[in-house]
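Shown here: protein_30.txt, compact mmCIF, C-alpha atoms.
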# COMPACT_ATOMS: atom_id res chain seq x y z
CA MET A 1 18.57 -2.05 -33.82
CA GLY A 2 18.45 1.44 -35.25
CA GLU A 3 20.83 2.62 -37.87
CA ARG A 4 24.08 3.94 -36.53
CA THR A 5 24.42 7.32 -38.08
CA LYS A 6 27.54 9.34 -38.15
CA SER A 7 27.27 12.69 -36.46
CA ASP A 8 29.59 15.41 -35.25
CA PRO A 9 30.44 14.62 -31.62
CA GLU A 10 31.01 18.31 -31.03
CA ARG A 11 27.45 19.07 -32.13
CA PRO A 12 25.28 16.33 -30.62
CA LYS A 13 22.04 15.26 -32.25
CA ALA A 14 19.12 13.65 -30.45
CA ARG A 15 18.14 10.27 -31.78
CA ASN A 16 14.54 9.97 -32.92
CA LYS A 17 14.34 6.60 -34.67
CA ASP A 18 12.52 3.80 -32.83
CA LEU A 19 11.70 6.02 -29.85
CA LEU A 20 8.25 6.68 -28.38
CA VAL A 21 8.10 10.04 -26.64
CA GLU A 22 5.47 11.32 -24.20
CA GLU A 23 5.64 14.72 -22.57
CA MET A 24 4.34 15.23 -19.05
CA ALA A 25 4.48 18.38 -16.98
CA GLY A 26 7.90 19.34 -18.30
CA GLU A 27 9.32 15.84 -18.11
CA LEU A 28 9.95 13.61 -21.11
CA LEU A 29 9.18 9.91 -21.09
CA ILE A 30 11.05 8.04 -23.81
CA TYR A 31 10.53 4.36 -24.64
CA ASP A 32 13.28 2.81 -26.74
CA ILE A 33 11.75 0.07 -28.87
CA THR A 34 15.16 -1.39 -29.71
CA THR A 35 16.17 -1.98 -26.09
CA ASP A 36 12.81 -2.05 -24.27
CA LYS A 37 14.13 0.54 -21.87
CA ALA A 38 12.13 3.53 -20.70
CA HIS A 39 13.73 6.80 -19.62
CA CYS A 40 12.37 9.74 -17.68
CA LEU A 41 14.20 13.01 -18.40
CA ASN A 42 13.54 15.80 -15.94
CA GLN A 43 12.93 19.32 -17.15
CA SER A 44 16.61 20.23 -17.58
CA ALA A 45 17.62 16.98 -19.24
CA ALA A 46 14.57 17.17 -21.50
CA ALA A 47 15.43 20.71 -22.59
CA LEU A 48 19.01 19.69 -23.37
CA TRP A 49 17.91 16.64 -25.37
CA LYS A 50 15.43 18.68 -27.39
CA HIS A 51 18.09 21.27 -28.20
CA CYS A 52 20.50 18.68 -29.53
CA ASP A 53 19.69 19.22 -33.20
CA GLY A 54 23.14 18.56 -34.63
CA THR A 55 23.92 22.25 -35.13
CA ARG A 56 24.60 23.46 -31.60
CA SER A 57 27.99 23.06 -29.96
CA VAL A 58 28.49 22.40 -26.27
CA PRO A 59 29.27 26.07 -25.55
CA GLU A 60 26.15 27.10 -27.45
CA LEU A 61 24.04 24.63 -25.49
CA ARG A 62 25.50 26.00 -22.28
CA ARG A 63 24.75 29.60 -23.24
CA HIS A 64 21.21 28.72 -24.23
CA LEU A 65 20.25 26.45 -21.33
CA PHE A 66 22.44 27.43 -18.39
CA PRO A 67 23.29 31.12 -18.91
CA GLY A 68 23.60 31.69 -15.17
CA LEU A 69 26.53 29.30 -14.84
CA ALA A 70 30.19 30.11 -15.47
CA SER A 71 31.23 28.79 -18.88
CA ASP A 72 33.55 26.04 -17.58
CA THR A 73 31.06 24.78 -15.03
CA GLY A 74 28.15 25.05 -17.42
CA GLU A 75 29.97 23.17 -20.18
CA GLN A 76 30.95 20.41 -17.78
CA LEU A 77 27.32 20.12 -16.72
CA VAL A 78 26.22 19.92 -20.35
CA LYS A 79 28.85 17.30 -21.11
CA ALA A 80 27.89 15.22 -18.06
CA CYS A 81 24.28 15.17 -19.19
CA LEU A 82 25.25 14.47 -22.80
CA GLU A 83 27.35 11.53 -21.61
CA ARG A 84 24.32 10.13 -19.75
CA LEU A 85 22.23 10.55 -22.89
CA ARG A 86 24.94 8.95 -24.99
CA ARG A 87 25.19 5.91 -22.70
CA ARG A 88 21.44 5.44 -22.96
CA ARG A 89 21.65 5.63 -26.75
CA LEU A 90 19.47 8.71 -26.88
CA LEU A 91 21.97 10.54 -29.08
CA GLU A 92 22.97 9.63 -32.59
CA GLY A 93 26.50 8.43 -33.26
CA GLU A 94 27.12 5.82 -30.60
CA ASP A 95 30.66 4.89 -31.52
CA GLN A 96 32.25 7.81 -29.77
CA ARG A 97 34.57 8.09 -26.87
CA PRO A 98 33.01 9.28 -23.62
CA LEU A 99 32.54 13.00 -23.27
CA VAL A 100 33.29 13.00 -19.57
CA ASP A 101 34.31 10.52 -16.89
CA LEU A 102 31.16 10.02 -14.82
CA SER A 103 33.04 8.00 -12.21
CA ARG A 104 34.61 11.17 -10.85
CA ARG A 105 31.90 11.69 -8.28
CA GLU A 106 33.50 14.60 -6.52
CA ILE A 107 33.49 16.65 -9.70
CA LEU A 108 29.89 15.71 -10.40
CA ARG A 109 28.93 16.65 -6.86
CA LYS A 110 30.47 20.09 -7.32
CA LEU A 111 28.56 20.51 -10.57
CA VAL A 112 25.30 19.73 -8.82
CA LEU A 113 26.10 22.18 -6.04
CA ALA A 114 27.00 24.90 -8.53
CA ALA A 115 23.81 24.29 -10.48
CA THR A 116 21.67 24.40 -7.36
CA ALA A 117 23.35 27.59 -6.19
CA ALA A 118 22.51 29.15 -9.56
CA GLY A 119 18.88 28.07 -9.25
CA ILE A 120 19.23 25.51 -12.01
CA ILE A 121 17.55 22.11 -11.87
CA THR A 122 20.30 19.53 -12.35
CA PRO A 123 19.62 17.38 -15.42
CA LEU A 124 18.50 13.94 -14.27
CA ILE A 125 17.60 10.78 -16.16
CA SER A 126 15.85 7.74 -14.63
CA THR A 127 15.83 4.47 -16.58
CA VAL A 128 13.95 1.21 -16.19
CA ILE A 129 13.74 -1.96 -18.25
CA ALA A 130 10.27 -2.94 -19.43
CA PRO A 131 9.36 -6.35 -18.09
CA THR A 132 8.64 -9.40 -20.17
CA PRO A 133 5.07 -10.60 -19.60
CA ALA A 134 6.24 -13.65 -17.67
CA TYR A 135 8.39 -11.51 -15.41
CA ALA A 136 5.58 -9.10 -14.71
CA VAL A 137 2.95 -11.61 -13.57
CA SER A 138 2.66 -13.61 -10.40
CA CYS A 139 5.21 -16.34 -10.79
CA VAL A 140 7.48 -18.23 -8.44
CA LEU A 141 10.81 -16.53 -7.92
CA SER A 142 14.23 -18.16 -8.09
CA GLY A 143 15.02 -20.39 -5.14
CA GLN A 144 11.42 -20.95 -4.16
CA PRO A 145 9.52 -24.27 -4.17
CA CYS A 146 7.83 -25.38 -7.36
CA SER A 147 6.26 -28.44 -8.89
CA SER A 148 6.33 -27.44 -12.56
CA SER A 149 8.50 -25.25 -14.77
CA ALA A 150 5.45 -23.30 -15.89
CA GLU A 151 5.15 -21.90 -12.36
CA CYS A 152 8.65 -20.38 -12.33
CA CYS A 153 9.53 -16.86 -13.43
CA SER A 154 12.68 -18.39 -14.91
CA GLY A 155 10.67 -21.06 -16.70
CA VAL A 156 12.74 -23.83 -15.09
CA CYS A 157 11.75 -25.91 -12.06
CA ILE A 158 14.85 -27.92 -11.08
CA ASN A 159 13.94 -31.55 -10.33
CA ARG A 160 10.38 -30.31 -9.66
CA VAL A 161 11.67 -28.91 -6.38
CA VAL A 162 12.95 -25.36 -6.71
CA CYS A 163 12.87 -22.66 -9.35
CA LEU A 164 16.08 -21.80 -11.16
CA MET B 1 -1.56 -29.08 -33.00
CA ALA B 2 -3.25 -31.52 -35.34
CA LYS B 3 -2.13 -34.34 -33.07
CA ILE B 4 -3.83 -32.69 -30.09
CA ASP B 5 -6.89 -31.81 -32.14
CA GLY B 6 -7.27 -35.49 -32.96
CA LEU B 7 -7.76 -36.51 -29.33
CA GLY B 8 -11.27 -37.07 -28.04
CA TRP B 9 -12.49 -33.81 -26.54
CA ALA B 10 -15.60 -34.27 -24.46
CA ASP B 11 -16.25 -30.79 -23.11
CA GLY B 12 -15.37 -27.18 -23.73
CA ILE B 13 -16.15 -23.59 -22.84
CA ALA B 14 -15.35 -20.29 -24.52
CA VAL B 15 -15.47 -16.91 -22.83
CA ASN B 16 -14.50 -13.32 -23.52
CA CYS B 17 -12.29 -11.83 -20.82
CA PHE B 18 -11.54 -8.12 -21.28
CA GLY B 19 -11.76 -8.56 -25.05
CA VAL B 20 -9.62 -11.71 -25.19
CA ARG B 21 -11.40 -14.90 -26.27
CA ILE B 22 -10.31 -17.87 -24.18
CA GLY B 23 -11.24 -21.48 -24.85
CA ILE B 24 -10.80 -24.49 -22.59
CA ARG B 25 -11.44 -28.06 -23.71
CA THR B 26 -11.09 -31.25 -21.71
CA THR B 27 -11.22 -34.97 -22.31
CA GLU B 28 -13.71 -35.50 -19.50
CA ALA B 29 -17.37 -34.61 -19.94
CA GLY B 30 -18.53 -31.75 -17.70
CA PHE B 31 -15.00 -30.97 -16.50
CA ALA B 32 -14.46 -27.82 -18.55
CA ARG B 33 -17.58 -26.23 -17.10
CA SER B 34 -16.28 -26.87 -13.59
CA LEU B 35 -13.23 -24.75 -14.39
CA GLU B 36 -15.15 -21.51 -14.86
CA HIS B 37 -14.21 -20.33 -11.39
CA LEU B 38 -10.60 -20.16 -12.58
CA LEU B 39 -11.46 -17.50 -15.13
CA PRO B 40 -11.22 -13.75 -14.41
CA GLN B 41 -14.37 -12.07 -13.14
CA GLY B 42 -16.18 -9.95 -15.66
CA ARG B 43 -15.95 -12.73 -18.26
CA LYS B 44 -18.81 -13.25 -20.68
CA PRO B 45 -19.69 -16.34 -22.68
CA THR B 46 -18.83 -16.08 -26.33
CA SER B 47 -20.36 -17.88 -29.26
CA SER B 48 -17.35 -17.13 -31.46
CA GLU B 49 -16.15 -20.17 -33.35
CA THR B 50 -12.53 -19.11 -32.95
CA VAL B 51 -10.64 -18.07 -29.84
CA ASP B 52 -7.46 -16.11 -29.25
CA GLN B 53 -6.02 -18.71 -26.90
CA LEU B 54 -7.04 -22.37 -26.55
CA TYR B 55 -6.15 -24.51 -23.55
CA SER B 56 -6.46 -28.28 -23.76
CA LEU B 57 -6.57 -30.42 -20.63
CA ILE B 58 -6.14 -34.17 -20.85
CA VAL B 59 -7.63 -35.40 -17.61
CA GLY B 60 -5.60 -38.21 -16.02
CA GLY B 61 -6.53 -40.73 -13.38
CA PRO B 62 -6.35 -44.50 -12.86
CA GLY B 63 -4.91 -46.33 -15.86
CA PRO B 64 -6.04 -49.52 -17.55
CA ARG B 65 -3.81 -51.63 -15.30
CA PRO B 66 -3.25 -51.62 -11.53
CA ASN B 67 -0.49 -49.28 -10.33
CA VAL B 68 -0.72 -47.31 -13.54
CA GLN B 69 -1.64 -43.65 -13.17
CA ARG B 70 -2.35 -41.50 -16.20
CA LEU B 71 -1.01 -38.00 -15.76
CA HIS B 72 -3.00 -34.79 -16.19
CA VAL B 73 -1.55 -32.87 -19.14
CA LEU B 74 -2.16 -29.21 -19.97
CA TYR B 75 -1.51 -27.60 -23.34
CA SER B 76 -1.58 -23.98 -24.42
CA GLY B 77 -2.14 -24.22 -28.15
CA ALA B 78 0.34 -26.85 -29.24
CA GLN B 79 2.74 -26.19 -26.40
CA ARG B 80 2.69 -28.49 -23.40
CA LEU B 81 2.59 -26.39 -20.24
CA ALA B 82 2.54 -29.05 -17.53
CA ARG B 83 2.20 -32.73 -16.83
CA GLU B 84 1.32 -33.72 -13.24
CA ARG B 85 -0.04 -36.55 -11.14
CA GLU B 86 -2.24 -34.19 -9.14
CA ILE B 87 -4.82 -31.88 -10.67
CA SER B 88 -4.34 -28.90 -8.32
CA PRO B 89 -0.97 -27.71 -9.68
CA ILE B 90 -2.39 -28.05 -13.20
CA LEU B 91 -5.34 -25.85 -12.31
CA ARG B 92 -3.06 -23.33 -10.64
CA ILE B 93 -0.91 -23.11 -13.75
CA LEU B 94 -3.96 -22.84 -15.97
CA GLN B 95 -5.35 -19.99 -13.92
CA THR B 96 -2.03 -18.09 -13.90
CA GLU B 97 -1.58 -18.62 -17.63
CA ILE B 98 -5.05 -17.36 -18.47
CA ARG B 99 -4.49 -14.25 -16.36
CA ARG B 100 -1.16 -13.62 -18.08
CA VAL B 101 -2.61 -13.99 -21.56
CA VAL B 102 -5.56 -11.75 -20.79
CA ALA B 103 -3.31 -9.17 -19.13
CA GLU B 104 -0.94 -9.13 -22.07
CA ALA B 105 -3.47 -9.16 -24.89
CA ALA B 106 -6.48 -7.18 -23.61
CA PRO B 107 -7.09 -4.65 -26.39
CA ARG B 108 -8.69 -1.90 -24.36
CA ARG B 109 -7.09 -2.31 -20.94
CA VAL B 110 -3.58 -1.99 -19.50
CA PHE B 111 -2.84 -4.48 -16.74
CA VAL B 112 -0.28 -3.50 -14.09
CA HIS B 113 0.86 -6.04 -11.53
CA ALA B 114 -0.35 -4.18 -8.45
CA GLY B 115 -2.61 -4.19 -5.42
CA VAL B 116 -5.50 -1.72 -5.48
CA VAL B 117 -8.01 -0.40 -2.95
CA GLU B 118 -10.45 2.50 -2.99
CA TRP B 119 -10.58 5.12 -0.23
CA CYS B 120 -12.54 8.36 -0.25
CA GLY B 121 -13.45 7.82 -3.88
CA ARG B 122 -9.87 7.47 -5.12
CA ALA B 123 -7.74 4.44 -5.86
CA ILE B 124 -4.53 3.62 -4.04
CA VAL B 125 -2.28 1.58 -6.34
CA ILE B 126 0.62 -0.45 -5.02
CA PRO B 127 2.71 -1.79 -7.92
CA GLY B 128 4.94 -4.72 -7.14
CA ARG B 129 6.14 -8.20 -8.01
CA SER B 130 5.32 -11.43 -6.24
CA MET B 131 6.52 -11.53 -2.63
CA SER B 132 6.81 -7.73 -2.38
CA GLY B 133 4.06 -7.64 0.27
CA LYS B 134 1.35 -5.90 -1.68
CA SER B 135 -1.38 -8.46 -0.83
CA THR B 136 -0.64 -8.08 2.88
CA LEU B 137 -0.81 -4.30 2.58
CA VAL B 138 -4.05 -4.50 0.60
CA ALA B 139 -5.59 -6.82 3.21
CA GLU B 140 -4.64 -4.44 5.98
CA MET B 141 -6.22 -1.47 4.24
CA VAL B 142 -9.38 -3.52 3.67
CA ARG B 143 -9.46 -4.34 7.39
CA LEU B 144 -9.35 -0.58 8.02
CA GLY B 145 -12.36 -0.04 5.79
CA ALA B 146 -10.98 0.45 2.28
CA THR B 147 -12.86 -1.11 -0.62
CA TYR B 148 -11.07 -4.01 -2.27
CA TYR B 149 -10.24 -3.78 -5.96
CA SER B 150 -7.47 -6.33 -6.40
CA ASP B 151 -4.32 -7.79 -4.94
CA GLU B 152 -2.96 -8.76 -8.35
CA TYR B 153 -3.78 -6.30 -11.12
CA ALA B 154 -4.58 -2.64 -11.54
CA VAL B 155 -6.72 -2.76 -14.69
CA LEU B 156 -6.48 0.63 -16.39
CA ASP B 157 -8.73 1.94 -19.14
CA GLY B 158 -8.13 4.46 -21.87
CA LYS B 159 -8.84 7.35 -19.49
CA GLY B 160 -6.36 6.10 -16.91
CA PHE B 161 -9.11 4.98 -14.53
CA VAL B 162 -8.74 1.70 -12.64
CA HIS B 163 -11.33 -1.10 -12.79
CA PRO B 164 -11.91 -3.86 -10.23
CA PHE B 165 -10.21 -7.23 -10.62
CA PRO B 166 -11.52 -8.78 -7.40
CA LYS B 167 -9.95 -12.22 -7.26
CA PRO B 168 -9.71 -13.73 -3.76
CA LEU B 169 -6.83 -12.27 -1.76
CA SER B 170 -3.80 -14.56 -1.83
CA LEU B 171 -1.90 -14.38 1.42
CA ARG B 172 1.11 -16.30 2.64
CA LYS B 173 1.72 -17.31 6.20
CA PRO B 174 4.93 -15.81 7.64
CA GLY B 175 7.90 -17.89 6.60
CA SER B 176 5.96 -19.80 3.96
CA PHE B 177 5.97 -19.47 0.17
CA GLU B 178 2.60 -21.10 -0.32
CA ALA B 179 -0.33 -18.72 -0.67
CA PHE B 180 -3.92 -19.34 0.40
CA ASP B 181 -6.98 -17.63 -1.01
CA HIS B 182 -9.25 -15.56 1.19
CA ALA B 183 -12.57 -13.96 0.32
CA VAL B 184 -12.58 -10.22 0.99
CA GLU B 185 -15.49 -10.72 3.38
CA GLU B 186 -13.14 -12.56 5.73
CA PHE B 187 -11.52 -9.17 6.41
CA GLY B 188 -14.86 -7.48 6.87
CA GLY B 189 -14.48 -5.84 3.49
CA ARG B 190 -16.30 -5.57 0.22
CA ALA B 191 -15.27 -5.50 -3.41
CA GLY B 192 -15.49 -2.42 -5.60
CA ALA B 193 -17.69 -2.36 -8.67
CA LYS B 194 -16.96 0.79 -10.65
CA SER B 195 -13.98 2.43 -12.30
CA ILE B 196 -12.30 5.23 -10.36
CA ALA B 197 -9.44 7.68 -10.74
CA VAL B 198 -6.11 6.95 -9.08
CA GLY B 199 -5.26 9.27 -6.20
CA LEU B 200 -2.10 7.73 -4.85
CA ILE B 201 0.59 5.39 -6.15
CA ALA B 202 2.78 3.82 -3.45
CA VAL B 203 5.99 2.25 -4.72
CA THR B 204 7.01 0.07 -1.81
CA ARG B 205 8.17 -3.35 -0.66
CA TYR B 206 8.31 -5.08 2.67
CA VAL B 207 11.61 -5.05 4.54
CA PRO B 208 11.53 -6.45 8.09
CA GLY B 209 12.08 -3.69 10.60
CA ALA B 210 11.89 -0.88 8.03
CA ARG B 211 9.98 2.33 8.56
CA TRP B 212 7.65 4.03 6.13
CA ARG B 213 9.49 7.23 5.19
CA PRO B 214 8.10 8.24 1.83
CA ARG B 215 9.64 10.64 -0.58
CA GLU B 216 7.51 12.07 -3.32
CA LEU B 217 8.41 11.11 -6.87
CA THR B 218 7.69 13.11 -9.98
CA ARG B 219 4.84 11.93 -12.17
CA GLY B 220 7.37 10.80 -14.76
CA GLN B 221 9.13 8.65 -12.20
CA GLY B 222 5.74 7.36 -11.12
CA LEU B 223 5.04 6.35 -14.71
CA LEU B 224 8.28 4.40 -14.78
CA GLY B 225 7.28 2.75 -11.50
CA LEU B 226 4.08 1.49 -13.11
CA LEU B 227 5.72 0.59 -16.42
CA THR B 228 8.11 -1.73 -14.60
CA HIS B 229 5.09 -3.86 -13.70
CA SER B 230 3.01 -3.47 -16.85
CA ILE B 231 2.31 -6.83 -18.44
CA ALA B 232 1.98 -5.55 -22.01
CA ALA B 233 4.82 -3.00 -21.84
CA ARG B 234 6.94 -4.72 -24.48
CA ARG B 235 4.09 -5.86 -26.67
CA GLN B 236 2.20 -2.54 -26.78
CA PRO B 237 4.55 0.17 -25.48
CA SER B 238 2.77 3.05 -27.14
CA ARG B 239 -0.64 2.26 -25.69
CA VAL B 240 0.82 1.42 -22.30
CA MET B 241 2.75 4.70 -22.11
CA ARG B 242 -0.33 6.71 -23.12
CA THR B 243 -2.52 5.01 -20.53
CA LEU B 244 0.02 5.31 -17.73
CA ARG B 245 0.51 8.99 -18.51
CA LEU B 246 -3.21 9.57 -17.99
CA THR B 247 -3.17 7.51 -14.79
CA VAL B 248 -0.29 9.32 -13.10
CA ALA B 249 -1.52 12.74 -14.23
CA GLN B 250 -4.20 12.53 -11.52
CA ALA B 251 -2.11 10.94 -8.80
CA ALA B 252 0.60 11.62 -6.26
CA VAL B 253 3.47 9.13 -6.18
CA PHE B 254 5.44 8.11 -3.11
CA LYS B 255 8.29 5.67 -2.64
CA SER B 256 9.64 3.98 0.46
CA VAL B 257 10.36 0.59 1.91
CA ARG B 258 7.97 -0.37 4.67
CA GLY B 259 7.83 -2.44 7.81
CA GLU B 260 4.64 -3.96 9.19
CA ALA B 261 1.59 -3.38 7.06
CA SER B 262 -0.60 -1.81 9.72
CA ASP B 263 1.46 1.39 10.07
CA THR B 264 1.85 1.86 6.34
CA ALA B 265 -1.81 1.15 5.66
CA LYS B 266 -2.88 3.83 8.13
CA ALA B 267 -0.42 6.31 6.63
CA LEU B 268 -1.64 5.74 3.08
CA LEU B 269 -5.32 5.99 3.96
CA SER B 270 -4.69 9.05 6.07
CA TRP B 271 -2.82 10.78 3.25
CA VAL B 272 -5.67 10.24 0.79
CA GLU B 273 -8.20 11.41 3.36
CA ASN B 274 -6.24 14.58 4.12
CA SER B 275 -5.51 15.35 0.48
CA ASN B 276 -9.20 14.98 -0.35
CA ALA B 277 -10.06 17.35 2.48
CA THR B 278 -7.66 20.01 1.25
CA SER B 279 -8.01 19.22 -2.46
CA GLU B 280 -4.25 19.21 -2.73
CA TYR B 281 -2.10 16.97 -4.82
CA THR B 282 1.37 18.38 -4.71
CA GLY B 283 2.66 16.22 -7.60
CA ARG B 284 5.93 17.38 -9.09

This structure in structure tokens:
Amino acid sequence: MGERTKSDPERPKARNKDLLVEEMAGELLIYDITTDKAHCLNQSAAALWKHCDGTRSVPELRRHLFPGLASDTGEQLVKACLERLRRRRLLEGEDQRPLVDLSRREILRKLVLAATAAGIITPLISTVIAPTPAYAVSCVLSGQPCSSSAECCSGVCINRVVCL
Amino acid sequence: MAKIDGLGWADGIAVNCFGVRIGIRTTEAGFARSLEHLLPQGRKPTSSETVDQLYSLIVGGPGPRPNVQRLHVLYSGAQRLAREREISPILRILQTEIRRVVAEAAPRRVFVHAGVVEWCGRAIVIPGRSMSGKSTLVAEMVRLGATYYSDEYAVLDGKGFVHPFPKPLSLRKPGSFEAFDHAVEEFGGRAGAKSIAVGLIAVTRYVPGARWRPRELTRGQGLLGLLTHSIAARRQPSRVMRTLRLTVAQAAVFKSVRGEASDTAKALLSWVENSNATSEYTGR
């Protein structure tokens, strides 16, 4: 696990320890070695993450990245994206309370609509878990017939009949 | 390991598969040589005195007394992998294990669990786990004239090009979990021989009654789609990410569930044909 550094929650800082970063046509692909998760940040999310240098406040990030949005709406959009980054441990200072409640879907929907109306690409992050080698190869899935534990993706063939 | 080493080994072979040295030794004379067909194509004999992975097979059979059957036992290094009365499950496990080890450890290739065919000079890659329907889709495209590359692995090189891994197609009968091997010639097809660029990545799985309604993914999302099925992703994330980035940079990526293979196969081949004709890859 990476060190947990203290940082100012009002001035977010992108984590860089134990991350592999590849840039592709405006998107950022980030592999987290500590969690074996890979993230794809679209253009907007990537720009926000890169600008989180520990010196910029949320209003400053809004002014810099989403100048066409009203300040309230723009700051909510920044906070929503920062919360997604925080949950994925892509920001330093994990032990912080959430910046925004992402379960309030109606508010998030309005943010997306406002961003789209302003011609802004809504920040998006996709995440997958890297497979273990055994999981990634051809193996027998849970509940399917087997004769040996070595055949099963789970590694366990119950009574030499079915995979766990 | 010393205990296993002390057994009487009568036969052995050593090969180099994609840069990984594999050794197989058996207690029965001539038996190891008969197992060569289990090894990945493109293997070469090696005279190296050490191997990266050693498999030891104690061949069973009738015991010294009536009604006594000695089991077949398979080891990977010092770890026992399987112990069976019948030899066929042992050989199946050995083959799967060797493929896994080669796929994970190959120093100059990235293995992605995927089906692959070639059409109009470009590869169509269908990443997916077991039982996702990729072999059926690959077989259908071969029936329609595509060149077979693999129904198990997309083998990617440092330029992001895909190489053939032409094992026999493994297809299941409807309603059955057991798979049977088929030579590509049974479908009127042929196997590819050279490395090619990837033109299309189709992230899909079979759902009865579904329709192929693809939406285009960004190249970054396409990379994640391949990473999810990359054997060495955790062991060599940096190299895997670099290779996949080169692979998707040349390709369009679509995602959808699919119904019967014939409709989807035609749609995929048609897309590659049309995109070649117009030299367009929209890619986002």

For Lys3 in chain B, work out the shell of residues within 12 Å, counting only C-alpha atoms and skipping chain neighbours fewer than 2 positions away, then give it as a short mmCIF file (atom, residue, chain, number, x, y, z; two decimals) with C-alpha atoms, keeping the file's coordinate frame.
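Final output, saved to selection-v4.cif:
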data_model
loop_
_atom_site.label_atom_id
_atom_site.label_comp_id
_atom_site.auth_asym_id
_atom_site.auth_seq_id
_atom_site.Cartn_x
_atom_site.Cartn_y
_atom_site.Cartn_z
CA MET B 1 -1.56 -29.08 -33.00
CA ASP B 5 -6.89 -31.81 -32.14
CA GLY B 6 -7.27 -35.49 -32.96
CA LEU B 7 -7.76 -36.51 -29.33
CA GLY B 8 -11.27 -37.07 -28.04
CA SER B 56 -6.46 -28.28 -23.76
CA TYR B 75 -1.51 -27.60 -23.34
CA GLY B 77 -2.14 -24.22 -28.15
CA ALA B 78 0.34 -26.85 -29.24
CA GLN B 79 2.74 -26.19 -26.40
#

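Ranking A:Cys52, A:Leu113, A:Ala130, A:Val162 by their shortest atom-to-atom distance to chain B, with all atoms listed in the file included, puts A:Ala130 first.
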
Do a neighbour search on Val203 in chain B at 9 Å with only C-alpha atoms, toss out local chain neighbours closer than 4 positions, and write the hits as a PDB file with C-alpha atoms, in the coordinates of the input.
ATOM      1  CA  VAL B 125      -2.280   1.580  -6.340  1.00  0.00           C
ATOM      2  CA  ILE B 126       0.620  -0.450  -5.020  1.00  0.00           C
ATOM      3  CA  PRO B 127       2.710  -1.790  -7.920  1.00  0.00           C
ATOM      4  CA  GLY B 128       4.940  -4.720  -7.140  1.00  0.00           C
ATOM      5  CA  GLY B 222       5.740   7.360 -11.120  1.00  0.00           C
ATOM      6  CA  GLY B 225       7.280   2.750 -11.500  1.00  0.00           C
ATOM      7  CA  LEU B 226       4.080   1.490 -13.110  1.00  0.00           C
ATOM      8  CA  VAL B 253       3.470   9.130  -6.180  1.00  0.00           C
ATOM      9  CA  PHE B 254       5.440   8.110  -3.110  1.00  0.00           C
ATOM     10  CA  LYS B 255       8.290   5.670  -2.640  1.00  0.00           C
ATOM     11  CA  SER B 256       9.640   3.980   0.460  1.00  0.00           C
ATOM     12  CA  VAL B 257      10.360   0.590   1.910  1.00  0.00           C
TER      13      VAL B 257
END

*asked:* One number please: CA of Val248 in chain B to CA of Glu97 in chain B, in Å, one decimal.
replied: 28.3 Å

*Which residues come within 10 Å of Gly19 in chain B, counting only C-alpha atoms, excluding same-chain residues fewer than 3 positions away, as a list in words?*
Val15, Asn16, Ile22, Arg43, Lys44, Asp52, Val102, Ala105, Ala106, Pro107, Arg108 and Arg109 of chain B

*Just how far from CA of Ile30 in chain A is CA of Leu200 in chain B, in Å to one decimal?*
23.1 Å

*asked:* Set the cut-off to 10 Å and count only C-alpha atoms: what are the residues of chain B that reach chain A? Output as a ChimeraX atom specification.
replied: /B:80-84,89-90,92-94,96-97,99-101,103-104,111-114,128-131,152-153,176-178,218-235,237-238,241-242,245-246,248-249,283-284

How big is the axis-aligned box, and where does its centre sit, when it encloses all atoms of range 43-46 of chain B listed in the file and has 8 Å added on every side, reported in Å to one decimal as lines of an AutoDock Vina configuration file?
center_x = -17.8
center_y = -14.5
center_z = -22.3
size_x = 19.7
size_y = 19.6
size_z = 24.1

*Provide the CA of Arg239 in chain B to CA of Gln43 in chain A distance in Å, to one decimal place.*
23.4 Å

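For Arg109 in chain A, the non-local neighbours within 12 Å, defined as residues at least 3 positions apart in the same chain or in other chains and counting only C-alpha atoms, are Thr73, Gln76, Leu77, Ala80, Leu102, Ser103, Arg104, Arg105, Glu106, Val112, Leu113, Ala114, Ala115, Thr116 and Thr122 of chain A.
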
List the spatial neighbours of Gln95 in chain B as a PDB file with C-alpha atoms, keeping the file's coordinate frame - criterion: any atom at most 10 Å away, only C-alpha atoms, same-chain residues fewer than 6 positions off excluded.
ATOM      1  CA  LEU B  35     -13.230 -24.750 -14.390  1.00  0.00           C
ATOM      2  CA  GLU B  36     -15.150 -21.510 -14.860  1.00  0.00           C
ATOM      3  CA  HIS B  37     -14.210 -20.330 -11.390  1.00  0.00           C
ATOM      4  CA  LEU B  38     -10.600 -20.160 -12.580  1.00  0.00           C
ATOM      5  CA  LEU B  39     -11.460 -17.500 -15.130  1.00  0.00           C
ATOM      6  CA  PRO B  40     -11.220 -13.750 -14.410  1.00  0.00           C
ATOM      7  CA  PRO B  89      -0.970 -27.710  -9.680  1.00  0.00           C
TER       8      PRO B  89
END

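Closest approach to Gln250 in chain B among B:Leu91, B:Leu137, B:Ala197, B:Ala154 is made by B:Ala197 (distances from all atoms listed in the file).
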
Cut-off 7 Å around (19.2, 25.0, -23.8) with only C-alpha atoms: residues as a PDB file with C-alpha atoms, in the coordinates of the input:
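Output file selection28.pdb is given in full below:
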ATOM      1  CA  ALA A  47      15.430  20.710 -22.590  1.00  0.00           C
ATOM      2  CA  LEU A  48      19.010  19.690 -23.370  1.00  0.00           C
ATOM      3  CA  HIS A  51      18.090  21.270 -28.200  1.00  0.00           C
ATOM      4  CA  LEU A  61      24.040  24.630 -25.490  1.00  0.00           C
ATOM      5  CA  ARG A  62      25.500  26.000 -22.280  1.00  0.00           C
ATOM      6  CA  HIS A  64      21.210  28.720 -24.230  1.00  0.00           C
ATOM      7  CA  LEU A  65      20.250  26.450 -21.330  1.00  0.00           C
ATOM      8  CA  PHE A  66      22.440  27.430 -18.390  1.00  0.00           C
TER       9      PHE A  66
END
